[in-house]
$ cat coords.tsv   # TSV, C-alpha atoms
chain	number	residue	atom	x	y	z
A	1	MET	CA	-149.08	-99.45	177.51
A	2	SER	CA	-149.56	-100.97	174.06
A	3	GLY	CA	-146.42	-99.24	172.81
A	4	SER	CA	-144.25	-100.77	175.52
A	5	ARG	CA	-145.81	-104.19	174.83
A	6	ASP	CA	-144.96	-103.93	171.13
A	7	GLU	CA	-141.38	-102.97	172.01
A	8	ASP	CA	-141.13	-105.95	174.37
A	9	LEU	CA	-142.35	-108.32	171.66
A	10	LYS	CA	-139.84	-106.97	169.16
A	11	SER	CA	-136.99	-107.32	171.64
A	12	LYS	CA	-138.00	-110.88	172.55
A	13	GLY	CA	-138.32	-112.45	169.16
A	14	SER	CA	-137.78	-110.13	166.21
A	15	PRO	CA	-134.26	-108.68	166.24
A	16	GLU	CA	-133.77	-105.77	163.90
A	17	ALA	CA	-132.29	-106.58	160.51
A	18	GLU	CA	-128.54	-106.27	160.21
A	19	PRO	CA	-127.28	-103.74	157.65
A	20	VAL	CA	-127.04	-105.31	154.20
A	21	GLU	CA	-124.57	-104.07	151.63
A	22	GLY	CA	-126.30	-102.30	148.75
A	23	LEU	CA	-129.48	-101.49	150.68
A	24	THR	CA	-130.39	-98.11	152.07
A	25	GLU	CA	-131.47	-97.72	155.68
A	26	GLU	CA	-135.08	-97.28	154.55
A	27	GLU	CA	-134.91	-100.50	152.51
A	28	VAL	CA	-133.46	-102.40	155.46
A	29	ASP	CA	-136.32	-101.12	157.64
A	30	SER	CA	-138.82	-102.20	154.96
A	31	VAL	CA	-137.35	-105.72	154.91
A	32	ASP	CA	-137.53	-105.91	158.69
A	33	GLU	CA	-141.18	-104.79	158.73
A	34	ARG	CA	-142.20	-107.41	156.16
A	35	ARG	CA	-140.67	-110.35	157.98
A	36	SER	CA	-143.09	-112.68	159.71
A	37	GLY	CA	-142.88	-112.78	163.48
A	38	SER	CA	-140.80	-115.62	164.88
A	39	PRO	CA	-142.58	-118.51	166.66
A	40	LYS	CA	-141.49	-116.98	169.96
A	41	VAL	CA	-143.11	-113.65	169.10
A	42	VAL	CA	-146.33	-115.32	167.90
A	43	HIS	CA	-146.39	-117.39	171.11
A	44	GLU	CA	-146.06	-114.23	173.20
A	45	VAL	CA	-148.76	-112.39	171.24
A	46	ILE	CA	-151.21	-115.26	171.74
A	47	ARG	CA	-150.19	-115.73	175.38
A	48	LEU	CA	-150.92	-112.06	176.07
A	49	GLN	CA	-154.27	-112.37	174.30
A	50	GLY	CA	-155.08	-115.44	176.35
A	51	ASP	CA	-154.05	-113.76	179.59
A	52	GLU	CA	-156.34	-110.85	178.75
A	53	GLU	CA	-159.23	-113.24	178.06
A	54	LEU	CA	-158.65	-115.07	181.33
A	55	GLY	CA	-158.99	-111.79	183.21
A	56	ARG	CA	-162.20	-110.58	181.55
A	57	PRO	CA	-165.29	-110.05	183.76
A	58	LEU	CA	-167.75	-112.92	183.88
A	59	ALA	CA	-170.57	-110.84	182.39
A	60	SER	CA	-168.41	-109.90	179.41
A	61	LEU	CA	-167.58	-113.55	178.74
A	62	ILE	CA	-171.24	-114.56	178.95
A	63	PHE	CA	-172.48	-111.91	176.52
A	64	SER	CA	-169.57	-112.42	174.13
A	65	GLY	CA	-169.98	-116.20	174.25
A	66	PHE	CA	-173.71	-115.97	173.63
A	67	ALA	CA	-173.12	-113.63	170.67
A	68	ALA	CA	-170.56	-116.11	169.30
A	69	GLY	CA	-173.10	-118.95	169.49
A	70	VAL	CA	-175.64	-116.83	167.64
A	71	GLY	CA	-173.05	-115.71	165.09
A	72	LEU	CA	-171.72	-119.19	164.41
A	73	SER	CA	-175.26	-120.37	163.68
A	74	ALA	CA	-174.99	-118.30	160.52
A	75	SER	CA	-172.73	-121.08	159.19
A	76	ILE	CA	-175.59	-123.58	159.20
A	77	LEU	CA	-178.01	-121.11	157.67
A	78	ALA	CA	-175.63	-119.95	154.93
A	79	GLU	CA	-174.75	-123.53	154.03
A	80	ALA	CA	-178.45	-124.47	153.91
A	81	PHE	CA	-179.40	-121.43	151.81
A	82	LEU	CA	-176.68	-122.23	149.27
A	83	GLN	CA	-177.66	-125.88	149.16
A	84	GLU	CA	-181.31	-124.93	148.62
A	85	LYS	CA	-180.44	-122.87	145.51
A	86	LEU	CA	-177.97	-125.34	143.99
A	87	PRO	CA	-178.88	-128.35	141.82
A	88	LYS	CA	-178.62	-131.82	143.31
A	89	GLU	CA	-175.21	-132.54	141.83
A	90	PRO	CA	-172.06	-133.99	143.46
A	91	TRP	CA	-170.13	-130.76	142.85
A	92	ALA	CA	-172.76	-128.65	144.64
A	93	GLU	CA	-171.19	-129.47	148.02
A	94	LEU	CA	-168.00	-127.70	146.95
A	95	ILE	CA	-169.97	-124.46	146.79
A	96	SER	CA	-172.45	-124.93	149.63
A	97	SER	CA	-169.57	-125.74	152.02
A	98	LEU	CA	-168.35	-122.16	151.59
A	99	GLY	CA	-171.38	-121.10	153.61
A	100	TYR	CA	-169.92	-122.89	156.62
A	101	SER	CA	-167.20	-120.24	156.83
A	102	VAL	CA	-169.65	-117.35	157.27
A	103	GLY	CA	-170.23	-117.82	160.99
A	104	TYR	CA	-166.52	-118.20	161.73
A	105	VAL	CA	-165.74	-114.96	159.90
A	106	ILE	CA	-168.37	-113.16	162.00
A	107	VAL	CA	-167.14	-114.64	165.27
A	108	ILE	CA	-163.36	-114.49	164.80
A	109	LEU	CA	-163.08	-111.13	163.09
A	110	GLY	CA	-165.68	-109.80	165.55
A	111	ASN	CA	-163.45	-110.88	168.48
A	112	LEU	CA	-166.25	-112.89	170.05
A	113	GLN	CA	-165.57	-115.68	172.53
A	114	LEU	CA	-165.58	-119.03	170.73
A	115	PHE	CA	-164.73	-122.10	172.80
A	116	THR	CA	-162.42	-123.81	170.33
A	117	GLU	CA	-160.29	-120.69	169.89
A	118	ASN	CA	-159.77	-120.71	173.64
A	119	THR	CA	-158.28	-124.19	173.45
A	120	VAL	CA	-155.04	-122.54	172.36
A	121	THR	CA	-155.10	-118.85	173.34
A	122	ALA	CA	-156.20	-119.35	176.92
A	123	VAL	CA	-154.06	-122.47	177.38
A	124	LEU	CA	-150.71	-120.82	176.62
A	125	PRO	CA	-150.69	-118.76	179.86
A	126	LEU	CA	-151.19	-122.01	181.78
A	127	ALA	CA	-148.58	-123.85	179.70
A	128	THR	CA	-146.10	-121.03	180.32
A	129	HIS	CA	-146.89	-120.74	184.03
A	130	PRO	CA	-148.65	-123.91	185.26
A	131	THR	CA	-150.10	-122.57	188.49
A	132	ARG	CA	-153.35	-123.39	190.29
A	133	ARG	CA	-154.50	-119.83	189.72
A	134	ASN	CA	-154.05	-120.09	185.96
A	135	LEU	CA	-155.76	-123.49	185.91
A	136	ALA	CA	-158.74	-122.09	187.81
A	137	ARG	CA	-158.89	-119.10	185.45
A	138	LEU	CA	-158.81	-121.41	182.42
A	139	LEU	CA	-161.61	-123.65	183.72
A	140	ARG	CA	-163.70	-120.56	184.54
A	141	LEU	CA	-163.24	-119.27	181.00
A	142	TRP	CA	-163.90	-122.62	179.33
A	143	VAL	CA	-167.09	-123.41	181.26
A	144	THR	CA	-168.49	-119.89	180.87
A	145	VAL	CA	-167.75	-119.58	177.16
A	146	LEU	CA	-168.88	-123.10	176.27
A	147	VAL	CA	-172.20	-122.78	178.09
A	148	ALA	CA	-172.80	-119.33	176.59
A	149	ASN	CA	-171.94	-120.65	173.09
A	150	LEU	CA	-174.40	-123.53	173.47
A	151	ILE	CA	-177.16	-121.25	174.73
A	152	GLY	CA	-176.57	-119.01	171.71
A	153	THR	CA	-176.87	-121.88	169.23
A	154	PHE	CA	-179.96	-123.20	171.04
A	155	PHE	CA	-181.60	-119.78	170.80
A	156	VAL	CA	-181.09	-119.67	167.02
A	157	ALA	CA	-182.20	-123.30	166.62
A	158	LEU	CA	-185.40	-122.39	168.46
A	159	LEU	CA	-186.02	-119.49	166.05
A	160	ILE	CA	-185.40	-121.77	163.08
A	161	ALA	CA	-187.56	-124.63	164.38
A	162	HIS	CA	-190.53	-122.28	164.88
A	163	GLN	CA	-189.92	-120.68	161.46
A	164	ILE	CA	-189.45	-117.24	162.97
A	165	ILE	CA	-186.38	-116.40	160.89
A	166	VAL	CA	-186.84	-118.90	158.05
A	167	GLY	CA	-189.65	-120.16	155.84
A	168	PRO	CA	-190.76	-123.78	155.30
A	169	GLU	CA	-188.35	-124.40	152.40
A	170	GLN	CA	-185.42	-122.91	154.27
A	171	LEU	CA	-186.29	-124.96	157.35
A	172	SER	CA	-186.28	-128.10	155.20
A	173	ALA	CA	-182.88	-127.18	153.74
A	174	THR	CA	-181.46	-126.45	157.20
A	175	LEU	CA	-182.69	-129.81	158.47
A	176	GLU	CA	-181.11	-131.55	155.50
A	177	VAL	CA	-177.76	-129.94	156.28
A	178	SER	CA	-178.12	-130.73	159.99
A	179	ARG	CA	-178.81	-134.43	159.37
A	180	SER	CA	-175.18	-134.86	158.38
A	181	VAL	CA	-174.34	-135.16	162.09
A	182	LEU	CA	-176.44	-138.33	162.26
A	183	ARG	CA	-174.10	-140.23	159.94
A	184	HIS	CA	-171.65	-141.07	162.73
A	185	ASP	CA	-171.70	-142.70	166.14
A	186	ALA	CA	-170.24	-141.03	169.22
A	187	MET	CA	-166.72	-142.44	168.79
A	188	THR	CA	-166.51	-141.41	165.13
A	189	THR	CA	-167.75	-137.94	166.06
A	190	LEU	CA	-165.01	-137.70	168.69
A	191	MET	CA	-162.36	-138.69	166.17
A	192	LEU	CA	-163.69	-136.16	163.66
A	193	GLY	CA	-163.64	-133.51	166.38
A	194	MET	CA	-159.87	-133.78	166.78
A	195	PRO	CA	-158.89	-132.33	163.38
A	196	ALA	CA	-161.59	-129.65	163.76
A	197	GLY	CA	-160.12	-128.59	167.11
A	198	PHE	CA	-156.62	-128.57	165.64
A	199	LEU	CA	-157.64	-126.52	162.60
A	200	VAL	CA	-159.61	-123.88	164.53
A	201	ALA	CA	-156.78	-123.56	167.05
A	202	SER	CA	-154.34	-123.08	164.16
A	203	ILE	CA	-156.31	-120.01	163.07
A	204	ALA	CA	-155.40	-118.26	166.32
A	205	TRP	CA	-151.74	-119.13	165.73
A	206	ILE	CA	-151.72	-117.95	162.12
A	207	LEU	CA	-153.60	-114.64	162.48
A	208	PRO	CA	-150.76	-112.64	164.11
A	209	ASN	CA	-148.75	-113.15	160.90
A	210	ALA	CA	-151.72	-112.88	158.50
A	211	LYS	CA	-151.17	-109.11	157.98
A	212	GLY	CA	-154.38	-108.21	156.17
A	213	SER	CA	-155.22	-111.73	154.99
A	214	GLU	CA	-157.18	-112.71	158.09
A	215	PHE	CA	-160.41	-113.15	156.15
A	216	TRP	CA	-158.89	-115.64	153.72
A	217	VAL	CA	-157.14	-117.58	156.47
A	218	ILE	CA	-160.44	-118.08	158.29
A	219	VAL	CA	-162.36	-118.98	155.12
A	220	LEU	CA	-159.73	-121.45	153.88
A	221	ILE	CA	-159.34	-123.36	157.14
A	222	THR	CA	-163.03	-123.53	158.00
A	223	TYR	CA	-163.81	-124.56	154.42
A	224	VAL	CA	-161.55	-127.56	154.97
A	225	ILE	CA	-163.51	-128.39	158.14
A	226	ALA	CA	-166.76	-128.35	156.16
A	227	LEU	CA	-165.41	-130.43	153.27
A	228	GLY	CA	-163.87	-132.96	155.62
A	229	GLY	CA	-167.09	-133.35	157.59
A	230	PHE	CA	-165.18	-132.67	160.80
A	231	SER	CA	-167.07	-132.12	164.08
A	232	HIS	CA	-167.09	-128.71	165.75
A	233	VAL	CA	-168.85	-128.64	169.11
A	234	VAL	CA	-170.46	-125.21	168.74
A	235	ALA	CA	-171.52	-125.49	165.10
A	236	GLY	CA	-172.59	-129.09	165.65
A	237	SER	CA	-174.64	-128.14	168.69
A	238	GLY	CA	-176.80	-125.87	166.54
A	239	GLU	CA	-177.55	-128.81	164.26
A	240	ALA	CA	-178.16	-131.15	167.21
A	241	TRP	CA	-180.53	-128.69	168.93
A	242	LEU	CA	-182.53	-128.24	165.73
A	243	LEU	CA	-182.89	-131.98	165.16
A	244	TRP	CA	-184.00	-132.41	168.77
A	245	LEU	CA	-186.55	-129.58	168.55
A	246	GLN	CA	-187.92	-131.14	165.35
A	247	GLY	CA	-188.25	-134.54	167.01
A	248	GLU	CA	-185.65	-136.27	164.82
A	249	LEU	CA	-183.21	-136.83	167.68
A	250	GLY	CA	-183.61	-137.37	171.42
A	251	LEU	CA	-182.03	-134.99	173.91
A	252	SER	CA	-179.71	-137.72	175.17
A	253	GLY	CA	-178.64	-138.37	171.58
A	254	ALA	CA	-178.06	-134.67	170.91
A	255	ILE	CA	-175.83	-134.35	173.95
A	256	GLY	CA	-174.27	-137.80	174.25
A	257	ARG	CA	-173.85	-138.62	170.57
A	258	ILE	CA	-172.97	-135.21	169.11
A	259	ILE	CA	-172.15	-132.41	171.57
A	260	LEU	CA	-170.02	-134.22	174.18
A	261	PRO	CA	-167.98	-136.30	171.70
A	262	SER	CA	-167.34	-133.19	169.57
A	263	LEU	CA	-166.31	-131.29	172.71
A	264	LEU	CA	-163.83	-133.95	173.77
A	265	GLY	CA	-162.41	-134.25	170.26
A	266	ASN	CA	-162.02	-130.48	169.95
A	267	ILE	CA	-160.21	-130.29	173.29
A	268	ILE	CA	-157.85	-133.11	172.31
A	269	GLY	CA	-157.14	-131.56	168.92
A	270	GLY	CA	-156.93	-127.95	170.06
A	271	THR	CA	-155.25	-128.34	173.42
A	272	GLY	CA	-153.72	-131.79	173.48
A	273	LEU	CA	-152.22	-131.47	170.02
A	274	PHE	CA	-151.99	-127.90	168.77
A	275	ALA	CA	-151.49	-125.93	171.98
A	276	VAL	CA	-148.93	-128.41	173.31
A	277	LEU	CA	-147.01	-128.45	170.03
A	278	ALA	CA	-147.19	-124.67	169.66
A	279	HIS	CA	-145.85	-124.16	173.17
A	280	GLY	CA	-143.34	-127.00	172.90
A	281	GLN	CA	-141.58	-125.52	169.88
A	282	VAL	CA	-140.63	-122.37	171.82
A	283	HIS	CA	-140.49	-123.69	175.38
A	284	GLY	CA	-136.71	-123.98	175.36
A	285	GLU	CA	-136.36	-120.38	174.13
A	286	LEU	CA	-138.42	-118.79	176.89
A	287	ASP	CA	-136.66	-117.23	179.83
A	288	PRO	CA	-137.69	-118.67	183.22
A	289	GLY	CA	-139.38	-115.43	184.28
A	290	GLU	CA	-140.69	-114.42	180.88
A	291	GLY	CA	-144.34	-113.52	180.58
A	292	GLU	CA	-144.87	-112.88	184.27
$ encode --input "coords.tsv" --output "structure tokens"
Amino acid sequence: MSGSRDEDLKSKGSPEAEPVEGLTEEEVDSVDERRSGSPKVVHEVIRLQGDEELGRPLASLIFSGFAAGVGLSASILAEAFLQEKLPKEPWAELISSLGYSVGYVIVILGNLQLFTENTVTAVLPLATHPTRRNLARLLRLWVTVLVANLIGTFFVALLIAHQIIVGPEQLSATLEVSRSVLRHDAMTTLMLGMPAGFLVASIAWILPNAKGSEFWVIVLITYVIALGGFSHVVAGSGEAWLLWLQGELGLSGAIGRIILPSLLGNIIGGTGLFAVLAHGQVHGELDPGEGE
């Protein structure tokens, strides 16, 4: 099955290299293997991944989404632990922000269900074939994964707030990191969520051509999210839950000021911008029945 799929992808977007004068057949094959996949091939790879995700059992999505919420909480902890050990200098943020990438490495390389990745992978099947069935499948996936992600981050926030997995000093450092979400109102958080959604969605587009550099792609892009202070709904929810549990933020503020605006911004950036642009650049090259 996988072999026939690989052959289909090659025939759709990666024609074999033409013979080049002065190169042996083995060298020509080596050149062909090292070429990056065309946008059409990458689109088809991600569409197939998205179609597979849309068809996963509900229980699998729930457990994977919960694990992703727990895993992504490692970003907050790693950032806080680094900040706790570093001196209070302006340059310290350049190092502590690297901790933000930890959770994303766990989640993405672990193939766990993260909502903002689904804003591109799961959308391409719908963009390619805009049917009611695909729309219903997408909404089912989004709601299930998002809720599971948020439950996962709440679970970890609960453990942190009650100092079950951290000590008093680490709790203080985690709260200090989490308070960064309080700097902005709901509209600013929404606007900051758009580039975060775009950047996380771009990871899914880049990985098929990463060829062994997946780790560095994830670290680089998520490091930019941390440095830019952009709003990610799942990572931000962990911070919002913790502040609420510690009495520094009301529940309505956690949801209405942080989580919902981040969610809307991520959807706009990941689906409204990246997924539409990614699909649009190859739409004219797709055959009418392709991907069915």
$ closest_residue --input "coords.tsv" --among "A:Leu114, A:Leu139, A:Ala74, A:Ile259" --to "Ile165 of chain A" --atoms "only C-alpha atoms"
A:Ala74
$ atom_distance --input "coords.tsv" --atom1 "atom CA of Leu82 of chain A" --atom2 "atom CA of Ser178 of chain A"
13.8 Å
$ closest_residue --input "coords.tsv" --among "A:Ser213, A:Thr174, A:Gln83, A:Gln49" --to "Leu98 of chain A" --atoms "only C-alpha atoms"
A:Gln83
$ atom_distance --input "coords.tsv" --atom1 "atom CA of Ala68 of chain A" --atom2 "atom CA of Gly103 of chain A"
8.5 Å
$ closest_residue --input "coords.tsv" --among "A:Gly250, A:Gly110, A:Gly269, A:Pro125" --to "Gly50 of chain A" --atoms "all atoms listed in the file"
A:Pro125
$ closest_residue --input "coords.tsv" --among "A:Ile258, A:Val45, A:Val234, A:Met191" --to "Gln113 of chain A" --atoms "all atoms listed in the file"
A:Val234
$ closest_residue --input "coords.tsv" --among "A:Val217, A:Ile95, A:Leu77, A:Ala254" --to "Leu159 of chain A" --atoms "all atoms listed in the file"
A:Leu77
$ atom_distance --input "coords.tsv" --atom1 "atom CA of Glu79 of chain A" --atom2 "atom CA of Ser97 of chain A"
6.0 Å
$ residues_near_point --input "coords.tsv" --point "(-169.5, -114.9, 177.0)" --cutoff "8 Å" --atoms "only C-alpha atoms" --output "PyMOL selection string"
chain A and resi 58-68+112-113+144-145+148-149
$ write_last_selection --input "coords.tsv" --atoms "C-alpha atoms" --output "CSV table (one decimal), keeping the file's coordinate frame"
chain,number,residue,atom,x,y,z
A,58,LEU,CA,-167.8,-112.9,183.9
A,59,ALA,CA,-170.6,-110.8,182.4
A,60,SER,CA,-168.4,-109.9,179.4
A,61,LEU,CA,-167.6,-113.6,178.7
A,62,ILE,CA,-171.2,-114.6,179.0
A,63,PHE,CA,-172.5,-111.9,176.5
A,64,SER,CA,-169.6,-112.4,174.1
A,65,GLY,CA,-170.0,-116.2,174.2
A,66,PHE,CA,-173.7,-116.0,173.6
A,67,ALA,CA,-173.1,-113.6,170.7
A,68,ALA,CA,-170.6,-116.1,169.3
A,112,LEU,CA,-166.2,-112.9,170.0
A,113,GLN,CA,-165.6,-115.7,172.5
A,144,THR,CA,-168.5,-119.9,180.9
A,145,VAL,CA,-167.8,-119.6,177.2
A,148,ALA,CA,-172.8,-119.3,176.6
A,149,ASN,CA,-171.9,-120.6,173.1
$ decode --input "coords.tsv" --residues "segment 229-241 of chain A" --atoms "N, CA, C and O atoms" --output "CSV table (one decimal), in the first residue's frame"
chain,number,residue,atom,x,y,z
A,229,GLY,N,6.8,36.7,21.0
A,229,GLY,CA,5.7,36.8,22.0
A,229,GLY,C,4.3,36.5,21.3
A,229,GLY,O,3.3,37.0,21.8
A,230,PHE,N,4.3,35.7,20.3
A,230,PHE,CA,3.1,35.3,19.6
A,230,PHE,C,2.3,34.4,20.5
A,230,PHE,O,2.8,33.7,21.4
A,231,SER,N,1.0,34.3,20.2
A,231,SER,CA,0.0,33.6,21.0
A,231,SER,C,-0.4,32.3,20.4
A,231,SER,O,-1.0,32.2,19.3
A,232,HIS,N,-0.1,31.2,21.1
A,232,HIS,CA,-0.5,29.9,20.7
A,232,HIS,C,-1.5,29.4,21.6
A,232,HIS,O,-1.4,29.3,22.8
A,233,VAL,N,-2.7,28.9,21.1
A,233,VAL,CA,-3.8,28.6,21.9
A,233,VAL,C,-3.5,27.5,22.9
A,233,VAL,O,-3.9,27.6,24.1
A,234,VAL,N,-2.8,26.5,22.5
A,234,VAL,CA,-2.6,25.3,23.4
A,234,VAL,C,-1.5,25.7,24.5
A,234,VAL,O,-1.7,25.5,25.7
A,235,ALA,N,-0.4,26.2,24.0
A,235,ALA,CA,0.6,26.7,25.0
A,235,ALA,C,0.1,27.8,25.9
A,235,ALA,O,0.3,27.7,27.1
A,236,GLY,N,-0.6,28.7,25.3
A,236,GLY,CA,-1.2,29.8,26.1
A,236,GLY,C,-2.2,29.3,27.1
A,236,GLY,O,-2.4,29.9,28.2
A,237,SER,N,-2.9,28.3,26.8
A,237,SER,CA,-4.0,27.8,27.7
A,237,SER,C,-3.3,27.2,29.0
A,237,SER,O,-3.9,27.4,30.1
A,238,GLY,N,-2.1,26.6,28.8
A,238,GLY,CA,-1.5,26.1,30.0
A,238,GLY,C,-1.1,27.3,31.0
A,238,GLY,O,-1.3,27.1,32.2
A,239,GLU,N,-0.7,28.4,30.4
A,239,GLU,CA,-0.3,29.6,31.2
A,239,GLU,C,-1.6,30.1,31.8
A,239,GLU,O,-1.6,30.6,33.0
A,240,ALA,N,-2.7,30.2,31.0
A,240,ALA,CA,-4.0,30.8,31.5
A,240,ALA,C,-4.5,29.9,32.6
A,240,ALA,O,-5.0,30.5,33.6
A,241,TRP,N,-4.5,28.6,32.5
A,241,TRP,CA,-5.1,27.7,33.5
A,241,TRP,C,-4.3,27.9,34.8
A,241,TRP,O,-4.9,28.0,35.9
